[in-house]
$ cat structure36.pdb   # PDB, C-alpha atoms
ATOM      1  CA  MET A  41     -52.234  21.220  10.338
ATOM      2  CA  ASP A  42     -52.483  20.053   6.767
ATOM      3  CA  PRO A  43     -50.781  16.624   6.429
ATOM      4  CA  ASP A  44     -50.815  16.903   2.642
ATOM      5  CA  LEU A  45     -48.181  19.640   2.806
ATOM      6  CA  PHE A  46     -45.642  17.082   3.978
ATOM      7  CA  GLN A  47     -46.682  14.487   1.433
ATOM      8  CA  GLN A  48     -46.205  17.057  -1.307
ATOM      9  CA  LEU A  49     -42.568  17.728  -0.447
ATOM     10  CA  ASN A  50     -40.563  16.584  -3.472
ATOM     11  CA  ARG A  51     -38.544  13.574  -2.314
ATOM     12  CA  VAL A  52     -35.757  14.165  -4.856
ATOM     13  CA  ILE A  53     -35.166  17.733  -3.692
ATOM     14  CA  HIS A  54     -35.907  17.307   0.023
ATOM     15  CA  GLU A  55     -32.799  15.217   0.724
ATOM     16  CA  LYS A  56     -30.266  17.502   2.457
ATOM     17  CA  GLY A  57     -27.387  17.029   0.018
ATOM     18  CA  ARG A  58     -29.553  17.413  -3.069
ATOM     19  CA  LEU A  59     -31.300  20.437  -1.568
ATOM     20  CA  ALA A  60     -27.872  22.032  -1.242
ATOM     21  CA  ILE A  61     -26.927  21.157  -4.843
ATOM     22  CA  VAL A  62     -30.203  22.412  -6.289
ATOM     23  CA  SER A  63     -30.080  25.627  -4.226
ATOM     24  CA  MET A  64     -26.562  26.246  -5.438
ATOM     25  CA  LEU A  65     -27.411  25.626  -9.090
ATOM     26  CA  ALA A  66     -30.458  27.877  -8.792
ATOM     27  CA  ALA A  67     -28.167  30.696  -7.699
ATOM     28  CA  THR A  68     -25.051  29.922  -9.775
ATOM     29  CA  PRO A  69     -25.712  28.061 -13.015
ATOM     30  CA  ASN A  70     -23.051  26.097 -14.899
ATOM     31  CA  LEU A  71     -20.821  24.832 -12.156
ATOM     32  CA  SER A  72     -18.149  22.197 -12.611
ATOM     33  CA  PHE A  73     -17.966  19.069 -10.499
ATOM     34  CA  SER A  74     -14.966  20.340  -8.557
ATOM     35  CA  GLU A  75     -16.582  23.752  -7.931
ATOM     36  CA  MET A  76     -19.650  22.044  -6.480
ATOM     37  CA  LYS A  77     -17.530  19.619  -4.511
ATOM     38  CA  GLU A  78     -15.528  22.432  -2.985
ATOM     39  CA  MET A  79     -18.507  24.641  -2.198
ATOM     40  CA  LEU A  80     -20.534  21.838  -0.643
ATOM     41  CA  ARG A  81     -17.633  19.975   0.935
ATOM     42  CA  MET A  82     -18.962  16.642  -0.273
ATOM     43  CA  THR A  83     -17.054  13.504  -1.152
ATOM     44  CA  ASP A  84     -16.786  12.522  -4.831
ATOM     45  CA  GLY A  85     -18.993   9.512  -4.160
ATOM     46  CA  ASN A  86     -21.746  11.507  -2.468
ATOM     47  CA  LEU A  87     -21.811  14.232  -5.074
ATOM     48  CA  THR A  88     -21.784  11.697  -7.931
ATOM     49  CA  ALA A  89     -24.691   9.778  -6.424
ATOM     50  CA  HIS A  90     -26.757  12.934  -5.861
ATOM     51  CA  ILE A  91     -26.085  14.221  -9.386
ATOM     52  CA  ARG A  92     -27.131  10.842 -10.778
ATOM     53  CA  THR A  93     -30.464  11.084  -8.941
ATOM     54  CA  LEU A  94     -30.979  14.680 -10.080
ATOM     55  CA  LYS A  95     -30.198  13.735 -13.694
ATOM     56  CA  ALA A  96     -32.582  10.771 -13.546
ATOM     57  CA  ALA A  97     -35.334  13.171 -12.428
ATOM     58  CA  GLU A  98     -34.294  15.481 -15.296
ATOM     59  CA  TYR A  99     -33.649  18.296 -12.842
ATOM     60  CA  VAL A 100     -29.979  18.700 -13.729
ATOM     61  CA  ALA A 101     -28.386  18.834 -17.186
ATOM     62  CA  VAL A 102     -24.766  18.181 -18.089
ATOM     63  CA  THR A 103     -22.864  20.256 -20.648
ATOM     64  CA  LYS A 104     -19.540  19.139 -22.063
ATOM     65  CA  ALA A 105     -17.412  21.754 -23.793
ATOM     66  CA  ILE A 106     -13.902  21.713 -25.184
ATOM     67  CA  SER A 107     -11.839  24.688 -24.109
ATOM     68  CA  LYS A 108      -8.105  25.009 -24.827
ATOM     69  CA  ARG A 109      -7.946  21.290 -25.672
ATOM     70  CA  ARG A 110      -9.362  20.408 -22.247
ATOM     71  CA  SER A 111     -12.896  19.176 -21.881
ATOM     72  CA  LEU A 112     -14.993  20.983 -19.307
ATOM     73  CA  THR A 113     -18.105  19.433 -17.866
ATOM     74  CA  THR A 114     -20.584  21.722 -16.186
ATOM     75  CA  TYR A 115     -23.902  21.175 -14.486
ATOM     76  CA  SER A 116     -26.985  23.326 -14.543
ATOM     77  CA  LEU A 117     -30.594  23.221 -13.423
ATOM     78  CA  THR A 118     -33.120  22.332 -16.139
ATOM     79  CA  GLN A 119     -36.386  24.236 -16.515
ATOM     80  CA  GLU A 120     -38.086  21.244 -14.893
ATOM     81  CA  GLY A 121     -35.596  21.348 -12.028
ATOM     82  CA  ASN A 122     -36.149  25.045 -11.607
ATOM     83  CA  LEU A 123     -39.909  24.649 -11.438
ATOM     84  CA  ALA A 124     -39.654  21.711  -9.030
ATOM     85  CA  PHE A 125     -37.351  23.730  -6.779
ATOM     86  CA  ARG A 126     -39.714  26.713  -6.739
ATOM     87  CA  GLU A 127     -42.582  24.362  -5.912
ATOM     88  CA  TYR A 128     -40.525  22.823  -3.117
ATOM     89  CA  LEU A 129     -39.721  26.249  -1.655
ATOM     90  CA  LYS A 130     -43.413  27.146  -1.748
ATOM     91  CA  HIS A 131     -44.350  24.010   0.199
ATOM     92  CA  MET A 132     -41.542  24.467   2.681
ATOM     93  CA  GLU A 133     -42.532  28.080   3.224
ATOM     94  CA  ALA A 134     -46.102  26.958   3.931
ATOM     95  CA  ILE A 135     -44.877  24.341   6.413
ATOM     96  CA  VAL A 136     -42.738  26.865   8.277
ATOM     97  CA  GLU A 137     -45.596  29.371   8.236
ATOM     98  CA  GLN A 138     -48.105  26.818   9.485
ATOM     99  CA  SER A 139     -45.795  25.691  12.270
ATOM    100  CA  ARG A 140     -45.122  29.240  13.384
ATOM    101  CA  SER A 141     -48.818  30.029  13.600
ATOM    102  CA  SER A 142     -49.945  26.801  15.295
ATOM    103  CA  HIS A 143     -47.020  26.400  17.677
ATOM    104  CA  ILE A 144     -48.096  25.994  21.293
ATOM    105  CA  PRO A 145     -45.565  27.580  23.651
ATOM    106  CA  THR A 146     -44.102  25.284  26.285
ATOM    107  CA  PRO A 147     -41.778  26.269  29.164
ATOM    108  CA  SER A 148     -38.799  25.458  26.911
ATOM    109  CA  ASN A 149     -39.927  28.108  24.471
ATOM    110  CA  GLN A 150     -39.493  30.856  26.980
ATOM    111  CA  ALA A 151     -35.884  29.831  27.638
TER     112      ALA A 151
ATOM    113  CA  MET B  54     -25.094  30.626  -0.685
ATOM    114  CA  ASP B  55     -24.010  29.352   2.704
ATOM    115  CA  PRO B  56     -23.415  25.557   2.499
ATOM    116  CA  ASP B  57     -23.379  25.285   6.289
ATOM    117  CA  LEU B  58     -27.100  26.023   6.386
ATOM    118  CA  PHE B  59     -27.768  22.657   4.769
ATOM    119  CA  GLN B  60     -25.325  20.800   6.981
ATOM    120  CA  GLN B  61     -27.070  22.234  10.017
ATOM    121  CA  LEU B  62     -30.468  20.818   9.092
ATOM    122  CA  ASN B  63     -31.332  18.321  11.822
ATOM    123  CA  ARG B  64     -31.323  14.900  10.169
ATOM    124  CA  VAL B  65     -33.825  13.424  12.652
ATOM    125  CA  ILE B  66     -36.396  16.142  11.979
ATOM    126  CA  HIS B  67     -35.714  16.734   8.272
ATOM    127  CA  GLU B  68     -37.119  13.359   7.158
ATOM    128  CA  LYS B  69     -40.586  14.030   5.660
ATOM    129  CA  GLY B  70     -42.563  11.664   7.891
ATOM    130  CA  ARG B  71     -40.858  12.781  11.086
ATOM    131  CA  LEU B  72     -41.209  16.427  10.100
ATOM    132  CA  ALA B  73     -44.958  15.811   9.855
ATOM    133  CA  ILE B  74     -45.058  14.071  13.257
ATOM    134  CA  VAL B  75     -43.017  16.748  14.998
ATOM    135  CA  SER B  76     -45.046  19.577  13.406
ATOM    136  CA  MET B  77     -48.234  17.896  14.547
ATOM    137  CA  LEU B  78     -47.012  17.369  18.115
ATOM    138  CA  ALA B  79     -45.803  20.978  18.260
ATOM    139  CA  ALA B  80     -49.345  22.102  17.477
ATOM    140  CA  THR B  81     -51.359  19.406  19.307
ATOM    141  CA  PRO B  82     -49.600  17.834  22.271
ATOM    142  CA  ASN B  83     -50.588  14.460  23.755
ATOM    143  CA  LEU B  84     -51.826  12.541  20.775
ATOM    144  CA  SER B  85     -52.497   8.830  20.755
ATOM    145  CA  PHE B  86     -50.973   6.476  18.217
ATOM    146  CA  SER B  87     -54.249   6.075  16.349
ATOM    147  CA  GLU B  88     -54.888   9.833  16.285
ATOM    148  CA  MET B  89     -51.469  10.417  14.727
ATOM    149  CA  LYS B  90     -51.919   7.509  12.355
ATOM    150  CA  GLU B  91     -55.249   8.852  11.163
ATOM    151  CA  MET B  92     -54.089  12.454  10.805
ATOM    152  CA  LEU B  93     -50.916  11.548   8.958
ATOM    153  CA  ARG B  94     -52.307   8.588   7.019
ATOM    154  CA  MET B  95     -49.246   6.500   7.812
ATOM    155  CA  THR B  96     -48.987   2.749   8.158
ATOM    156  CA  ASP B  97     -48.477   1.283  11.653
ATOM    157  CA  GLY B  98     -44.987   0.200  10.644
ATOM    158  CA  ASN B  99     -43.938   3.615   9.355
ATOM    159  CA  LEU B 100     -45.314   5.505  12.318
ATOM    160  CA  THR B 101     -43.760   3.043  14.782
ATOM    161  CA  ALA B 102     -40.352   3.358  13.123
ATOM    162  CA  HIS B 103     -40.469   7.157  13.108
ATOM    163  CA  ILE B 104     -41.587   7.329  16.748
ATOM    164  CA  ARG B 105     -38.744   4.990  17.688
ATOM    165  CA  THR B 106     -36.235   7.351  16.039
ATOM    166  CA  LEU B 107     -37.794  10.403  17.701
ATOM    167  CA  LYS B 108     -37.743   8.675  21.108
ATOM    168  CA  ALA B 109     -34.101   7.659  20.632
ATOM    169  CA  ALA B 110     -33.267  11.328  19.981
ATOM    170  CA  GLU B 111     -35.299  12.207  23.105
ATOM    171  CA  TYR B 112     -37.546  14.471  21.060
ATOM    172  CA  VAL B 113     -40.741  12.575  21.837
ATOM    173  CA  ALA B 114     -41.960  11.299  25.207
ATOM    174  CA  VAL B 115     -44.518   8.573  25.872
ATOM    175  CA  THR B 116     -47.121   8.807  28.607
ATOM    176  CA  LYS B 117     -49.153   5.812  29.723
ATOM    177  CA  ALA B 118     -52.283   6.488  31.741
ATOM    178  CA  ILE B 119     -55.075   4.287  32.988
ATOM    179  CA  SER B 120     -58.509   5.680  32.299
ATOM    180  CA  LYS B 121     -61.711   3.715  32.941
ATOM    181  CA  ARG B 122     -59.694   0.486  33.237
ATOM    182  CA  ARG B 123     -58.218   1.043  29.764
ATOM    183  CA  SER B 124     -54.641   2.105  29.317
ATOM    184  CA  LEU B 125     -54.073   5.111  27.098
ATOM    185  CA  THR B 126     -50.695   5.825  25.562
ATOM    186  CA  THR B 127     -50.054   9.321  24.313
ATOM    187  CA  TYR B 128     -47.095  11.007  22.690
ATOM    188  CA  SER B 129     -45.793  14.508  23.168
ATOM    189  CA  LEU B 130     -42.820  16.622  22.194
ATOM    190  CA  THR B 131     -40.120  16.965  24.861
ATOM    191  CA  GLN B 132     -38.503  20.318  25.626
ATOM    192  CA  GLU B 133     -35.489  19.084  23.673
ATOM    193  CA  GLY B 134     -37.723  18.145  20.752
ATOM    194  CA  ASN B 135     -39.397  21.513  20.870
ATOM    195  CA  LEU B 136     -36.090  23.367  20.808
ATOM    196  CA  ALA B 137     -34.738  21.171  18.007
ATOM    197  CA  PHE B 138     -37.865  21.819  15.962
ATOM    198  CA  ARG B 139     -37.647  25.573  16.441
ATOM    199  CA  GLU B 140     -33.988  25.417  15.418
ATOM    200  CA  TYR B 141     -34.920  23.392  12.348
ATOM    201  CA  LEU B 142     -37.602  25.916  11.352
ATOM    202  CA  LYS B 143     -35.095  28.733  11.724
ATOM    203  CA  HIS B 144     -32.619  27.000   9.399
ATOM    204  CA  MET B 145     -35.291  26.119   6.883
ATOM    205  CA  GLU B 146     -36.562  29.684   6.893
ATOM    206  CA  ALA B 147     -33.031  30.917   6.197
ATOM    207  CA  ILE B 148     -32.648  28.444   3.311
ATOM    208  CA  VAL B 149     -35.932  29.518   1.739
ATOM    209  CA  GLU B 150     -35.027  33.163   2.253
ATOM    210  CA  GLN B 151     -31.558  32.724   0.768
ATOM    211  CA  SER B 152     -32.941  30.869  -2.246
ATOM    212  CA  ARG B 153     -35.575  33.498  -2.874
ATOM    213  CA  SER B 154     -33.030  36.283  -2.834
ATOM    214  CA  SER B 155     -30.322  34.566  -4.903
ATOM    215  CA  HIS B 156     -32.587  32.883  -7.424
ATOM    216  CA  ILE B 157     -31.629  33.680 -11.027
ATOM    217  CA  PRO B 158     -34.692  33.854 -13.261
ATOM    218  CA  THR B 159     -34.680  31.533 -16.269
ATOM    219  CA  PRO B 160     -37.254  31.419 -19.085
ATOM    220  CA  SER B 161     -39.181  28.779 -17.098
ATOM    221  CA  ASN B 162     -39.673  31.278 -14.296
ATOM    222  CA  GLN B 163     -41.640  33.612 -16.465
ATOM    223  CA  ALA B 164     -44.073  30.848 -17.466
TER     224      ALA B 164
END

$ encode --input "structure36.pdb" --output "structure tokens"
Amino acid sequence: MDPDLFQQLNRVIHEKGRLAIVSMLAATPNLSFSEMKEMLRMTDGNLTAHIRTLKAAEYVAVTKAISKRRSLTTYSLTQEGNLAFREYLKHMEAIVEQSRSSHIPTPSNQA
Amino acid sequence: MDPDLFQQLNRVIHEKGRLAIVSMLAATPNLSFSEMKEMLRMTDGNLTAHIRTLKAAEYVAVTKAISKRRSLTTYSLTQEGNLAFREYLKHMEAIVEQSRSSHIPTPSNQA
């Protein structure tokens, strides 16, 4: 087992809620706050806090547009966020792979 | 994207340090505190705190043995811990898989 693999997991992305947000923005760019909130079933407070962390890391960018006199704020993954997410997936894939290959069966595994 | 996948990630196992401990115990059962500490390069305080959480979840069991008049304490994954870890790996695999298949390429991805 390579302990460095775990150390290398990006702390900003690894958190469950942020992993969900980043995964969603990687698949569907330019989402509004309420779209994200609805899809992820998060509270306003939780989503706001996670977006703040993702913006501070420069992984998420905010776009404000005026459409039919209403302002629309959307969120998208930055290039840096995209790269960090791909890196995270690579590490997580390696961890899963490593665990699958080194796993020692116990009686519970045959259940 | 299925938001439930993220909700289902086991909070006890998902934390980076505990993920490392559980992965290690899944591959090498019956490790002493100092063996784990050395392999994971964690502080006593960190490792103690993580083991406490894993014991509270009944994922890790402690065995105390007397050998040559010295007591030896070792740690191992319980059946419950083993099952929870396998479940975690399954969810994480699905998340990685889902992200790989739904990922929209951006200019940064061609770099």

$ interface_residues --input "structure36.pdb" --of "chain B" --to "chain A" --cutoff "10 Å" --atoms "all atoms listed in the file" --output "count of residues only"
60

$ resolve_selection --input "structure36.pdb" --expression "the PyMOL selection byres ((chain A and resi 71) around 6)" --output "number ranges by chain"
A: 69-70, 72, 114-115

$ write_last_selection --input "structure36.pdb" --atoms "C-alpha atoms" --output "mmCIF file, in the coordinates of the input"
data_model
loop_
_atom_site.group_PDB
_atom_site.id
_atom_site.type_symbol
_atom_site.label_atom_id
_atom_site.label_comp_id
_atom_site.auth_asym_id
_atom_site.auth_seq_id
_atom_site.Cartn_x
_atom_site.Cartn_y
_atom_site.Cartn_z
ATOM 1 C CA PRO A 69 -25.712 28.061 -13.015
ATOM 2 C CA ASN A 70 -23.051 26.097 -14.899
ATOM 3 C CA SER A 72 -18.149 22.197 -12.611
ATOM 4 C CA THR A 114 -20.584 21.722 -16.186
ATOM 5 C CA TYR A 115 -23.902 21.175 -14.486
#

$ calpha_fit_and_write --input "structure36.pdb" --fixed "chain A" --moving "chain B" --output "CSV table (one decimal) with C-alpha atoms, in the frame of the given file"
chain,number,residue,atom,x,y,z
B,54,MET,CA,-52.2,21.3,10.3
B,55,ASP,CA,-52.5,20.1,6.7
B,56,PRO,CA,-50.8,16.6,6.4
B,57,ASP,CA,-50.8,16.9,2.6
B,58,LEU,CA,-48.2,19.7,2.8
B,59,PHE,CA,-45.7,17.1,4.0
B,60,GLN,CA,-46.7,14.5,1.4
B,61,GLN,CA,-46.2,17.1,-1.3
B,62,LEU,CA,-42.6,17.7,-0.5
B,63,ASN,CA,-40.6,16.6,-3.5
B,64,ARG,CA,-38.5,13.6,-2.3
B,65,VAL,CA,-35.8,14.2,-4.8
B,66,ILE,CA,-35.2,17.7,-3.7
B,67,HIS,CA,-35.9,17.3,0.0
B,68,GLU,CA,-32.8,15.2,0.7
B,69,LYS,CA,-30.3,17.5,2.5
B,70,GLY,CA,-27.4,17.0,0.0
B,71,ARG,CA,-29.5,17.4,-3.1
B,72,LEU,CA,-31.3,20.4,-1.6
B,73,ALA,CA,-27.9,22.0,-1.2
B,74,ILE,CA,-26.9,21.2,-4.8
B,75,VAL,CA,-30.2,22.4,-6.3
B,76,SER,CA,-30.1,25.6,-4.2
B,77,MET,CA,-26.5,26.2,-5.4
B,78,LEU,CA,-27.4,25.6,-9.1
B,79,ALA,CA,-30.5,27.9,-8.8
B,80,ALA,CA,-28.2,30.7,-7.7
B,81,THR,CA,-25.0,29.9,-9.8
B,82,PRO,CA,-25.7,28.1,-13.0
B,83,ASN,CA,-23.0,26.1,-14.9
B,84,LEU,CA,-20.8,24.8,-12.2
B,85,SER,CA,-18.1,22.2,-12.6
B,86,PHE,CA,-17.9,19.1,-10.5
B,87,SER,CA,-15.0,20.3,-8.6
B,88,GLU,CA,-16.6,23.7,-8.0
B,89,MET,CA,-19.6,22.1,-6.5
B,90,LYS,CA,-17.5,19.6,-4.5
B,91,GLU,CA,-15.5,22.4,-3.0
B,92,MET,CA,-18.5,24.6,-2.2
B,93,LEU,CA,-20.5,21.8,-0.7
B,94,ARG,CA,-17.6,20.0,0.9
B,95,MET,CA,-19.0,16.6,-0.3
B,96,THR,CA,-17.0,13.5,-1.2
B,97,ASP,CA,-16.8,12.5,-4.9
B,98,GLY,CA,-19.0,9.5,-4.2
B,99,ASN,CA,-21.7,11.5,-2.5
B,100,LEU,CA,-21.8,14.2,-5.1
B,101,THR,CA,-21.8,11.7,-7.9
B,102,ALA,CA,-24.7,9.8,-6.4
B,103,HIS,CA,-26.7,12.9,-5.9
B,104,ILE,CA,-26.1,14.2,-9.4
B,105,ARG,CA,-27.1,10.8,-10.8
B,106,THR,CA,-30.5,11.1,-8.9
B,107,LEU,CA,-31.0,14.7,-10.1
B,108,LYS,CA,-30.2,13.7,-13.7
B,109,ALA,CA,-32.6,10.8,-13.5
B,110,ALA,CA,-35.3,13.2,-12.4
B,111,GLU,CA,-34.3,15.5,-15.3
B,112,TYR,CA,-33.6,18.3,-12.8
B,113,VAL,CA,-30.0,18.7,-13.7
B,114,ALA,CA,-28.4,18.8,-17.2
B,115,VAL,CA,-24.8,18.2,-18.1
B,116,THR,CA,-22.9,20.2,-20.6
B,117,LYS,CA,-19.5,19.1,-22.1
B,118,ALA,CA,-17.4,21.7,-23.8
B,119,ILE,CA,-13.9,21.7,-25.2
B,120,SER,CA,-11.9,24.7,-24.2
B,121,LYS,CA,-8.2,25.0,-25.0
B,122,ARG,CA,-8.0,21.3,-25.8
B,123,ARG,CA,-9.4,20.4,-22.4
B,124,SER,CA,-12.9,19.2,-21.9
B,125,LEU,CA,-15.0,21.0,-19.3
B,126,THR,CA,-18.1,19.4,-17.9
B,127,THR,CA,-20.6,21.7,-16.2
B,128,TYR,CA,-23.9,21.2,-14.5
B,129,SER,CA,-27.0,23.3,-14.5
B,130,LEU,CA,-30.6,23.2,-13.4
B,131,THR,CA,-33.1,22.3,-16.1
B,132,GLN,CA,-36.4,24.2,-16.5
B,133,GLU,CA,-38.1,21.2,-14.9
B,134,GLY,CA,-35.6,21.3,-12.0
B,135,ASN,CA,-36.1,25.0,-11.6
B,136,LEU,CA,-39.9,24.7,-11.4
B,137,ALA,CA,-39.6,21.7,-9.0
B,138,PHE,CA,-37.4,23.7,-6.8
B,139,ARG,CA,-39.7,26.7,-6.7
B,140,GLU,CA,-42.6,24.4,-5.9
B,141,TYR,CA,-40.5,22.8,-3.1
B,142,LEU,CA,-39.7,26.2,-1.6
B,143,LYS,CA,-43.4,27.2,-1.7
B,144,HIS,CA,-44.3,24.0,0.2
B,145,MET,CA,-41.5,24.5,2.7
B,146,GLU,CA,-42.5,28.1,3.2
B,147,ALA,CA,-46.1,27.0,3.9
B,148,ILE,CA,-44.9,24.3,6.4
B,149,VAL,CA,-42.7,26.9,8.3
B,150,GLU,CA,-45.6,29.4,8.2
B,151,GLN,CA,-48.1,26.8,9.5
B,152,SER,CA,-45.8,25.7,12.3
B,153,ARG,CA,-45.1,29.2,13.4
B,154,SER,CA,-48.8,30.0,13.6
B,155,SER,CA,-49.9,26.8,15.3
B,156,HIS,CA,-47.0,26.4,17.7
B,157,ILE,CA,-48.1,26.0,21.3
B,158,PRO,CA,-45.6,27.6,23.7
B,159,THR,CA,-44.2,25.2,26.3
B,160,PRO,CA,-41.9,26.2,29.2
B,161,SER,CA,-38.9,25.5,27.0
B,162,ASN,CA,-40.0,28.2,24.6
B,163,GLN,CA,-39.6,30.9,27.1
B,164,ALA,CA,-36.0,29.9,27.8

$ atom_distance --input "structure36.pdb" --atom1 "CA of Ser87 in chain B" --atom2 "CA of Leu100 in chain B"
9.8 Å

$ resolve_selection --input "structure36.pdb" --expression "the PyMOL selection byres ((chain B and resi 116) around 9)" --output "PDB file with C-alpha atoms, keeping the file's coordinate frame"
ATOM      1  CA  ASN B  83     -50.588  14.460  23.755  1.00  0.00           C
ATOM      2  CA  ALA B 114     -41.960  11.299  25.207  1.00  0.00           C
ATOM      3  CA  VAL B 115     -44.518   8.573  25.872  1.00  0.00           C
ATOM      4  CA  LYS B 117     -49.153   5.812  29.723  1.00  0.00           C
ATOM      5  CA  ALA B 118     -52.283   6.488  31.741  1.00  0.00           C
ATOM      6  CA  LEU B 125     -54.073   5.111  27.098  1.00  0.00           C
ATOM      7  CA  THR B 126     -50.695   5.825  25.562  1.00  0.00           C
ATOM      8  CA  THR B 127     -50.054   9.321  24.313  1.00  0.00           C
ATOM      9  CA  TYR B 128     -47.095  11.007  22.690  1.00  0.00           C
ATOM     10  CA  SER B 129     -45.793  14.508  23.168  1.00  0.00           C
TER      11      SER B 129
END

$ atom_distance --input "structure36.pdb" --atom1 "CA of Tyr112 in chain B" --atom2 "CA of Asn99 in chain B"
17.2 Å

$ closest_residue --input "structure36.pdb" --among "A:Met82, A:Lys108, A:Ala97, A:Phe73" --to "Ala124 in chain A" --atoms "all atoms listed in the file"
A:Ala97

$ atom_distance --input "structure36.pdb" --atom1 "CA of Ile91 in chain A" --atom2 "CA of Val52 in chain A"
10.7 Å

$ build_atoms --input "structure36.pdb" --residues "range 52-74 of chain A" --atoms "N, CA and C atoms" --output "PDB file, in the coordinates of the input"
ATOM      1  N   VAL A  52     -37.067  14.017  -4.198  1.00  0.00           N
ATOM      2  CA  VAL A  52     -35.757  14.165  -4.856  1.00  0.00           C
ATOM      3  C   VAL A  52     -35.030  15.396  -4.313  1.00  0.00           C
ATOM      4  N   ILE A  53     -35.781  16.472  -4.126  1.00  0.00           N
ATOM      5  CA  ILE A  53     -35.166  17.733  -3.692  1.00  0.00           C
ATOM      6  C   ILE A  53     -35.000  17.811  -2.176  1.00  0.00           C
ATOM      7  N   HIS A  54     -35.907  17.156  -1.437  1.00  0.00           N
ATOM      8  CA  HIS A  54     -35.907  17.307   0.023  1.00  0.00           C
ATOM      9  C   HIS A  54     -34.624  16.792   0.686  1.00  0.00           C
ATOM     10  N   GLU A  55     -34.015  15.772   0.111  1.00  0.00           N
ATOM     11  CA  GLU A  55     -32.799  15.217   0.724  1.00  0.00           C
ATOM     12  C   GLU A  55     -31.753  16.332   0.868  1.00  0.00           C
ATOM     13  N   LYS A  56     -31.210  16.436   2.085  1.00  0.00           N
ATOM     14  CA  LYS A  56     -30.266  17.502   2.457  1.00  0.00           C
ATOM     15  C   LYS A  56     -29.183  17.844   1.429  1.00  0.00           C
ATOM     16  N   GLY A  57     -28.483  16.818   0.970  1.00  0.00           N
ATOM     17  CA  GLY A  57     -27.387  17.029   0.018  1.00  0.00           C
ATOM     18  C   GLY A  57     -27.902  17.558  -1.312  1.00  0.00           C
ATOM     19  N   ARG A  58     -29.008  16.968  -1.778  1.00  0.00           N
ATOM     20  CA  ARG A  58     -29.553  17.413  -3.069  1.00  0.00           C
ATOM     21  C   ARG A  58     -30.179  18.797  -2.949  1.00  0.00           C
ATOM     22  N   LEU A  59     -30.756  19.098  -1.795  1.00  0.00           N
ATOM     23  CA  LEU A  59     -31.300  20.437  -1.568  1.00  0.00           C
ATOM     24  C   LEU A  59     -30.177  21.471  -1.673  1.00  0.00           C
ATOM     25  N   ALA A  60     -29.022  21.122  -1.152  1.00  0.00           N
ATOM     26  CA  ALA A  60     -27.872  22.032  -1.242  1.00  0.00           C
ATOM     27  C   ALA A  60     -27.441  22.206  -2.699  1.00  0.00           C
ATOM     28  N   ILE A  61     -27.356  21.096  -3.432  1.00  0.00           N
ATOM     29  CA  ILE A  61     -26.927  21.157  -4.843  1.00  0.00           C
ATOM     30  C   ILE A  61     -27.904  21.994  -5.667  1.00  0.00           C
ATOM     31  N   VAL A  62     -29.183  21.712  -5.504  1.00  0.00           N
ATOM     32  CA  VAL A  62     -30.203  22.412  -6.289  1.00  0.00           C
ATOM     33  C   VAL A  62     -30.222  23.902  -5.929  1.00  0.00           C
ATOM     34  N   SER A  63     -30.105  24.220  -4.650  1.00  0.00           N
ATOM     35  CA  SER A  63     -30.080  25.627  -4.226  1.00  0.00           C
ATOM     36  C   SER A  63     -28.892  26.342  -4.845  1.00  0.00           C
ATOM     37  N   MET A  64     -27.765  25.649  -4.880  1.00  0.00           N
ATOM     38  CA  MET A  64     -26.562  26.246  -5.438  1.00  0.00           C
ATOM     39  C   MET A  64     -26.706  26.478  -6.929  1.00  0.00           C
ATOM     40  N   LEU A  65     -27.246  25.485  -7.639  1.00  0.00           N
ATOM     41  CA  LEU A  65     -27.411  25.626  -9.090  1.00  0.00           C
ATOM     42  C   LEU A  65     -28.498  26.636  -9.452  1.00  0.00           C
ATOM     43  N   ALA A  66     -29.426  26.865  -8.538  1.00  0.00           N
ATOM     44  CA  ALA A  66     -30.458  27.877  -8.792  1.00  0.00           C
ATOM     45  C   ALA A  66     -29.851  29.275  -8.698  1.00  0.00           C
ATOM     46  N   ALA A  67     -28.798  29.390  -7.903  1.00  0.00           N
ATOM     47  CA  ALA A  67     -28.167  30.696  -7.699  1.00  0.00           C
ATOM     48  C   ALA A  67     -26.968  30.911  -8.623  1.00  0.00           C
ATOM     49  N   THR A  68     -26.266  29.819  -8.966  1.00  0.00           N
ATOM     50  CA  THR A  68     -25.051  29.922  -9.775  1.00  0.00           C
ATOM     51  C   THR A  68     -25.066  28.832 -10.843  1.00  0.00           C
ATOM     52  N   PRO A  69     -25.622  29.124 -12.010  1.00  0.00           N
ATOM     53  CA  PRO A  69     -25.712  28.061 -13.015  1.00  0.00           C
ATOM     54  C   PRO A  69     -24.347  27.712 -13.598  1.00  0.00           C
ATOM     55  N   ASN A  70     -24.282  26.557 -14.233  1.00  0.00           N
ATOM     56  CA  ASN A  70     -23.051  26.097 -14.899  1.00  0.00           C
ATOM     57  C   ASN A  70     -21.851  25.997 -13.973  1.00  0.00           C
ATOM     58  N   LEU A  71     -21.943  25.087 -13.054  1.00  0.00           N
ATOM     59  CA  LEU A  71     -20.821  24.832 -12.156  1.00  0.00           C
ATOM     60  C   LEU A  71     -20.160  23.517 -12.541  1.00  0.00           C
ATOM     61  N   SER A  72     -18.861  23.451 -12.350  1.00  0.00           N
ATOM     62  CA  SER A  72     -18.149  22.197 -12.611  1.00  0.00           C
ATOM     63  C   SER A  72     -18.267  21.298 -11.384  1.00  0.00           C
ATOM     64  N   PHE A  73     -17.909  20.036 -11.599  1.00  0.00           N
ATOM     65  CA  PHE A  73     -17.966  19.069 -10.499  1.00  0.00           C
ATOM     66  C   PHE A  73     -17.095  19.536  -9.332  1.00  0.00           C
ATOM     67  N   SER A  74     -15.872  19.974  -9.653  1.00  0.00           N
ATOM     68  CA  SER A  74     -14.966  20.340  -8.557  1.00  0.00           C
ATOM     69  C   SER A  74     -15.407  21.626  -7.854  1.00  0.00           C
TER      70      SER A  74
END
